[in-house]
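Undergrad: One structure, as structure tokens, below. Some questions next.
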Amino acid sequence: MKSETVLLSIVDGVHTITLNRPDKLNALTGEMFARLQDHLAGLDDASCVHLRANGRSFCAGHDLDDLAASETYEAERLANAVIERLANLPCPVVASVQGHCFTGGLELALGADIIVAADTAEFADTHSRGDLVPIWGLTQRLPRRVGAYKAMELMFTGRRCKGEEAAAIGLANLCVPADTLDSRVRELCAMILANSARSHRAIKKLLLDTEGMPLAQGLAWELHRTEGHGPEFLARLASLRG
């Protein structure tokens with residue numbers, strides 16, 4: 001019986017999406033993007049999403065056999081739309097990365113708001129090695145993480161960036177020992193869930209809506225578009241004082 005290549009589970013309020021093709025280093029296929037699309041469609045009301053992978057690697061990139069056999073503009077548009085959907089989920093999205101996180105896998109991870117890297121993680125963009133050009137968002141999201149010139153260095157050389165370096169340059173938010181990756185991410189998600197989901201959604205919307213705006217315009221947008229106090233405000237304030 002063929003196993004599901006992408007799994008969805010809910011534990012302690014965290015919606016976890018798991019890449020489940022460990023024998024192929026979770027290399028991405030059209031079928032996996034279709035499953036991701038299905039799972040993401042039901043997450044509009046989630047309070048926290050965790051993107052992870054089974055096995056020794058997060059994702060080695062686009063499956064080359066699948067790429068050669070089924071690459072079409074429509075397939076690439078679907079993959080692009082899935083990563084865009086992930087990036088625009090209204091709740092916080094946390095990705096945990098171990099082992100390989102290459103090219104298309106890196107593009108997928110960059111759809112998360114927070115990336116936690118194991119010390120075994122290796123990030124790389126290898127598009128130019130295969131005479132390919134990104135179509136899943138790498139040229140837009142990577143520079144926003146690490147700056148334009150560091151992004152160009154990584155894209156032009158194709159070199160591997162280990163977890164510790166990834167955290168140092170801002171590609172990952174933090175780097176942790178591999179054997180603590182799962183527990184550290186659980187702790188992080190629990191911290192997120194302890195706070196107001198309404199606040200998180202409103203904050204993320206402000207961030208997404210003002211991305212690229214000049215400071216003065218962004219400040220004015222926040223002033224006039226903020227959702228302000230919510231229904232839990234007084235109760236949470238009382239608990240902080242007590």
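Just remember, in the structure tokens the first chain shown is A, the second B, etc., residues are 1-based per chain, and ligands are 1-based in the order shown.
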For segment 114-220 of chain A against segment 97-104 of chain A, with a cut-off of 7 Å and counting only C-alpha atoms, what is the closest atom pair and its distance in Å to one decimal for every residue that makes the cut, ordered by chain and number, as a Markdown table?

TA:
```
| residue | atom | partner | partner_atom | distance |
| --- | --- | --- | --- | --- |
| A:Val116 | CA | A:Val97 | CA | 6.2 |
| A:Ala117 | CA | A:Val97 | CA | 4.8 |
| A:Ala118 | CA | A:Gln98 | CA | 5.1 |
| A:Thr120 | CA | A:Gly99 | CA | 5.3 |
| A:Ala121 | CA | A:Gly99 | CA | 4.1 |
| A:Glu122 | CA | A:His100 | CA | 5.1 |
| A:Phe123 | CA | A:Cys101 | CA | 4.8 |
| A:Ala124 | CA | A:Phe102 | CA | 4.8 |
| A:Asp125 | CA | A:Thr103 | CA | 4.3 |
| A:Thr126 | CA | A:Thr103 | CA | 5.6 |
| A:His127 | CA | A:Thr103 | CA | 6.5 |
```

Undergrad: Could you save those same residues with C-alpha atoms as an mmCIF file, in the first residue's frame?

TA:
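again.cif, written as the output of this step:
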```cif
data_model
loop_
_atom_site.group_PDB
_atom_site.id
_atom_site.type_symbol
_atom_site.label_atom_id
_atom_site.label_comp_id
_atom_site.auth_asym_id
_atom_site.auth_seq_id
_atom_site.Cartn_x
_atom_site.Cartn_y
_atom_site.Cartn_z
ATOM 1 C CA VAL A 116 14.240 26.532 13.199
ATOM 2 C CA ALA A 117 17.319 24.739 11.881
ATOM 3 C CA ALA A 118 18.984 21.680 13.343
ATOM 4 C CA THR A 120 22.674 19.087 10.857
ATOM 5 C CA ALA A 121 20.727 21.286 8.433
ATOM 6 C CA GLU A 122 22.278 22.311 5.132
ATOM 7 C CA PHE A 123 20.644 25.020 3.040
ATOM 8 C CA ALA A 124 21.543 25.575 -0.606
ATOM 9 C CA ASP A 125 20.191 26.945 -3.859
ATOM 10 C CA THR A 126 21.326 24.906 -6.855
ATOM 11 C CA HIS A 127 19.150 26.379 -9.606
#
```

Undergrad: List the neighbours of Met155 of chain A out to 10 Å using only C-alpha atoms; skip same-chain residues closer than 3 positions along the sequence, and give me the result as a VMD selection string.

TA: chain A and resid 103 124 to 129 134 138 to 139 142 149 to 152 158 to 159

Undergrad: Check the DSSP output for the backbone and give back, as number ranges by chain, the residues of segment 30-84 of chain A in strand (DSSP E or B).

TA: A: 49-53, 59, 62

Undergrad: So that I can check the surroundings of Ile115 of chain A, please list as number ranges by chain every protein, DNA and RNA residue that reaches within 12 Å of it, counting only C-alpha atoms and ignoring chain neighbours fewer than 6 positions away.

TA: A: 49-52, 58, 92-98, 101, 106, 108-109, 121, 123, 145, 163, 166-167, 170-176, 181, 184-185, 188-189

Undergrad: A:Leu89, A:Ala168, A:Cys161, A:Ala60: which is nearest His200 of chain A, counting only C-alpha atoms?

TA: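 Looking only at the distances to His200 of chain A, the closest residue turns out to be A:Leu89.
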
Undergrad: Separation of atom CA of Glu74 of chain A and atom CA of Gly42 of chain A, in Å?

TA: 22.6 Å

Undergrad: Applying 8 Å and only C-alpha atoms, which residues near segment 78-86 of chain A remain after dropping the ones on its own chain fewer than 3 positions away? List them as an MDAnalysis selection string.

TA: chainID A and resid 30 33 36:37 40 74:75 89 93 107:108 111:112 135:137

Undergrad: Work out how far atom CA of Leu208 of chain A is from atom CA of Thr18 of chain A, in Å to one decimal.

TA: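 Between atom CA of Thr18 of chain A and atom CA of Leu208 of chain A the gap works out to 25.1 Å.
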
Undergrad: Please identify all polymer residues within 7 Å of Leu19 of chain A, counting only C-alpha atoms, omitting same-chain residues fewer than 3 positions from it, and present them as a list in words.

TA: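 Neighbouring residues, sequence-local ones excluded: Thr5, Val6, Leu7, Asn26, Arg52, Ala53 and Asn54 of chain A.
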
Undergrad: Restricting it to C-alpha atoms, dump the selection as a JSON list (two decimals), in the first residue's frame.

TA:
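That gives us again_16.json:
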```json
[["chain", "number", "residue", "atom", "x", "y", "z"],
["A", 5, "THR", "CA", 3.47, 11.67, 0.81],
["A", 6, "VAL", "CA", 2.17, 14.61, 2.87],
["A", 7, "LEU", "CA", 0.51, 14.16, 6.27],
["A", 26, "ASN", "CA", 11.33, 14.29, 0.61],
["A", 52, "ARG", "CA", 8.27, 19.52, 9.08],
["A", 53, "ALA", "CA", 9.56, 16.38, 7.36],
["A", 54, "ASN", "CA", 10.13, 12.74, 8.25]]
```

Undergrad: Please, which residues of segment 152-191 of chain A, numbered as in this document, come out alpha helix (DSSP H) from DSSP, as a list of chain:residue names?

TA: A:Met152, A:Glu153, A:Leu154, A:Met155, A:Phe156, A:Thr157, A:Gly163, A:Glu164, A:Glu165, A:Ala166, A:Ala167, A:Ala168, A:Ile169, A:Leu181, A:Asp182, A:Ser183, A:Arg184, A:Val185, A:Arg186, A:Glu187, A:Leu188, A:Cys189, A:Ala190, A:Met191

Undergrad: Residues as selected, N, CA and C atoms, written as a PDB file, in the first residue's frame, can you do that?

TA:
```
ATOM      1  N   MET A 152      22.484  36.853  -3.246  1.00  0.00           N
ATOM      2  CA  MET A 152      23.174  36.648  -4.529  1.00  0.00           C
ATOM      3  C   MET A 152      24.364  35.718  -4.376  1.00  0.00           C
ATOM      4  N   GLU A 153      25.106  35.874  -3.293  1.00  0.00           N
ATOM      5  CA  GLU A 153      26.234  34.974  -3.053  1.00  0.00           C
ATOM      6  C   GLU A 153      25.772  33.517  -3.006  1.00  0.00           C
ATOM      7  N   LEU A 154      24.712  33.264  -2.223  1.00  0.00           N
ATOM      8  CA  LEU A 154      24.221  31.897  -2.077  1.00  0.00           C
ATOM      9  C   LEU A 154      23.664  31.360  -3.394  1.00  0.00           C
ATOM     10  N   MET A 155      22.949  32.205  -4.146  1.00  0.00           N
ATOM     11  CA  MET A 155      22.357  31.752  -5.401  1.00  0.00           C
ATOM     12  C   MET A 155      23.401  31.576  -6.496  1.00  0.00           C
ATOM     13  N   PHE A 156      24.411  32.459  -6.538  1.00  0.00           N
ATOM     14  CA  PHE A 156      25.398  32.392  -7.611  1.00  0.00           C
ATOM     15  C   PHE A 156      26.434  31.287  -7.387  1.00  0.00           C
ATOM     16  N   THR A 157      26.728  30.956  -6.119  1.00  0.00           N
ATOM     17  CA  THR A 157      27.723  29.915  -5.846  1.00  0.00           C
ATOM     18  C   THR A 157      27.107  28.533  -5.694  1.00  0.00           C
ATOM     19  N   GLY A 163      23.448  24.884   9.403  1.00  0.00           N
ATOM     20  CA  GLY A 163      22.458  25.446  10.307  1.00  0.00           C
ATOM     21  C   GLY A 163      22.964  26.608  11.130  1.00  0.00           C
ATOM     22  N   GLU A 164      24.164  26.501  11.676  1.00  0.00           N
ATOM     23  CA  GLU A 164      24.710  27.570  12.515  1.00  0.00           C
ATOM     24  C   GLU A 164      24.896  28.850  11.717  1.00  0.00           C
ATOM     25  N   GLU A 165      25.438  28.721  10.501  1.00  0.00           N
ATOM     26  CA  GLU A 165      25.605  29.901   9.645  1.00  0.00           C
ATOM     27  C   GLU A 165      24.249  30.460   9.231  1.00  0.00           C
ATOM     28  N   ALA A 166      23.294  29.570   8.928  1.00  0.00           N
ATOM     29  CA  ALA A 166      21.959  30.013   8.522  1.00  0.00           C
ATOM     30  C   ALA A 166      21.339  30.902   9.597  1.00  0.00           C
ATOM     31  N   ALA A 167      21.519  30.526  10.854  1.00  0.00           N
ATOM     32  CA  ALA A 167      20.993  31.342  11.943  1.00  0.00           C
ATOM     33  C   ALA A 167      21.757  32.663  12.042  1.00  0.00           C
ATOM     34  N   ALA A 168      23.065  32.616  11.810  1.00  0.00           N
ATOM     35  CA  ALA A 168      23.885  33.828  11.931  1.00  0.00           C
ATOM     36  C   ALA A 168      23.525  34.868  10.878  1.00  0.00           C
ATOM     37  N   ILE A 169      23.128  34.425   9.680  1.00  0.00           N
ATOM     38  CA  ILE A 169      22.818  35.381   8.610  1.00  0.00           C
ATOM     39  C   ILE A 169      21.332  35.706   8.523  1.00  0.00           C
ATOM     40  N   LEU A 181      15.533  19.143  18.142  1.00  0.00           N
ATOM     41  CA  LEU A 181      14.753  19.933  17.179  1.00  0.00           C
ATOM     42  C   LEU A 181      13.258  19.841  17.456  1.00  0.00           C
ATOM     43  N   ASP A 182      12.740  18.628  17.570  1.00  0.00           N
ATOM     44  CA  ASP A 182      11.301  18.456  17.760  1.00  0.00           C
ATOM     45  C   ASP A 182      10.824  19.095  19.065  1.00  0.00           C
ATOM     46  N   SER A 183      11.565  18.882  20.139  1.00  0.00           N
ATOM     47  CA  SER A 183      11.129  19.421  21.433  1.00  0.00           C
ATOM     48  C   SER A 183      11.219  20.939  21.457  1.00  0.00           C
ATOM     49  N   ARG A 184      12.249  21.502  20.837  1.00  0.00           N
ATOM     50  CA  ARG A 184      12.385  22.959  20.817  1.00  0.00           C
ATOM     51  C   ARG A 184      11.267  23.599  20.006  1.00  0.00           C
ATOM     52  N   VAL A 185      10.886  22.951  18.905  1.00  0.00           N
ATOM     53  CA  VAL A 185       9.799  23.501  18.093  1.00  0.00           C
ATOM     54  C   VAL A 185       8.471  23.367  18.817  1.00  0.00           C
ATOM     55  N   ARG A 186       8.272  22.268  19.524  1.00  0.00           N
ATOM     56  CA  ARG A 186       7.054  22.137  20.335  1.00  0.00           C
ATOM     57  C   ARG A 186       6.973  23.257  21.367  1.00  0.00           C
ATOM     58  N   GLU A 187       8.088  23.560  22.018  1.00  0.00           N
ATOM     59  CA  GLU A 187       8.122  24.646  22.994  1.00  0.00           C
ATOM     60  C   GLU A 187       7.798  25.982  22.335  1.00  0.00           C
ATOM     61  N   LEU A 188       8.366  26.212  21.174  1.00  0.00           N
ATOM     62  CA  LEU A 188       8.127  27.463  20.452  1.00  0.00           C
ATOM     63  C   LEU A 188       6.652  27.599  20.065  1.00  0.00           C
ATOM     64  N   CYS A 189       6.082  26.524  19.543  1.00  0.00           N
ATOM     65  CA  CYS A 189       4.667  26.554  19.165  1.00  0.00           C
ATOM     66  C   CYS A 189       3.775  26.755  20.376  1.00  0.00           C
ATOM     67  N   ALA A 190       4.147  26.158  21.508  1.00  0.00           N
ATOM     68  CA  ALA A 190       3.368  26.347  22.736  1.00  0.00           C
ATOM     69  C   ALA A 190       3.410  27.803  23.181  1.00  0.00           C
ATOM     70  N   MET A 191       4.552  28.455  23.033  1.00  0.00           N
ATOM     71  CA  MET A 191       4.657  29.873  23.369  1.00  0.00           C
ATOM     72  C   MET A 191       3.753  30.710  22.468  1.00  0.00           C
TER      73      MET A 191
END
```

Undergrad: Could you jot down the atom CA of Ser196 of chain A to atom CA of Asp45 of chain A separation for me, Å, one decimal place?

TA: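 Computing it gives 13.3 Å between the two atoms.
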
Undergrad: Near Leu25 of chain A, counting only C-alpha atoms, which residues have an atom at most 8 Å away, once you skip same-chain residues fewer than 2 positions from it, shown as a ChimeraX atom specification?

TA: /A:21-23,27,55-60,100

Undergrad: If you keep N, CA and C atoms, can you produce a file of those selected residues as a JSON list (two decimals), in the first residue's frame?

TA:
```json
[["chain", "number", "residue", "atom", "x", "y", "z"],
["A", 21, "ARG", "N", 8.18, 11.49, 2.48],
["A", 21, "ARG", "CA", 8.82, 10.71, 1.42],
["A", 21, "ARG", "C", 10.31, 10.56, 1.77],
["A", 22, "PRO", "N", 10.58, 10.03, 2.96],
["A", 22, "PRO", "CA", 11.95, 10.04, 3.48],
["A", 22, "PRO", "C", 12.94, 9.24, 2.65],
["A", 23, "ASP", "N", 12.46, 8.18, 1.97],
["A", 23, "ASP", "CA", 13.37, 7.38, 1.15],
["A", 23, "ASP", "C", 13.90, 8.16, -0.05],
["A", 27, "ALA", "N", 12.03, 14.73, -1.66],
["A", 27, "ALA", "CA", 12.05, 15.50, -2.91],
["A", 27, "ALA", "C", 10.62, 15.71, -3.40],
["A", 55, "GLY", "N", 12.29, 11.68, 8.37],
["A", 55, "GLY", "CA", 13.56, 11.21, 7.83],
["A", 55, "GLY", "C", 14.71, 12.14, 8.15],
["A", 56, "ARG", "N", 15.84, 11.89, 7.49],
["A", 56, "ARG", "CA", 17.06, 12.62, 7.82],
["A", 56, "ARG", "C", 17.18, 13.97, 7.13],
["A", 57, "SER", "N", 16.27, 14.25, 6.19],
["A", 57, "SER", "CA", 16.33, 15.51, 5.46],
["A", 57, "SER", "C", 14.96, 16.18, 5.41],
["A", 58, "PHE", "N", 14.98, 17.51, 5.42],
["A", 58, "PHE", "CA", 13.74, 18.26, 5.24],
["A", 58, "PHE", "C", 13.24, 18.10, 3.81],
["A", 59, "CYS", "N", 14.06, 18.47, 2.85],
["A", 59, "CYS", "CA", 13.65, 18.34, 1.45],
["A", 59, "CYS", "C", 14.85, 18.61, 0.55],
["A", 60, "ALA", "N", 15.16, 17.64, -0.31],
["A", 60, "ALA", "CA", 16.31, 17.76, -1.21],
["A", 60, "ALA", "C", 16.01, 18.56, -2.46],
["A", 100, "HIS", "N", 19.16, 18.01, 4.48],
["A", 100, "HIS", "CA", 19.10, 18.80, 3.25],
["A", 100, "HIS", "C", 17.89, 19.73, 3.22]]
```
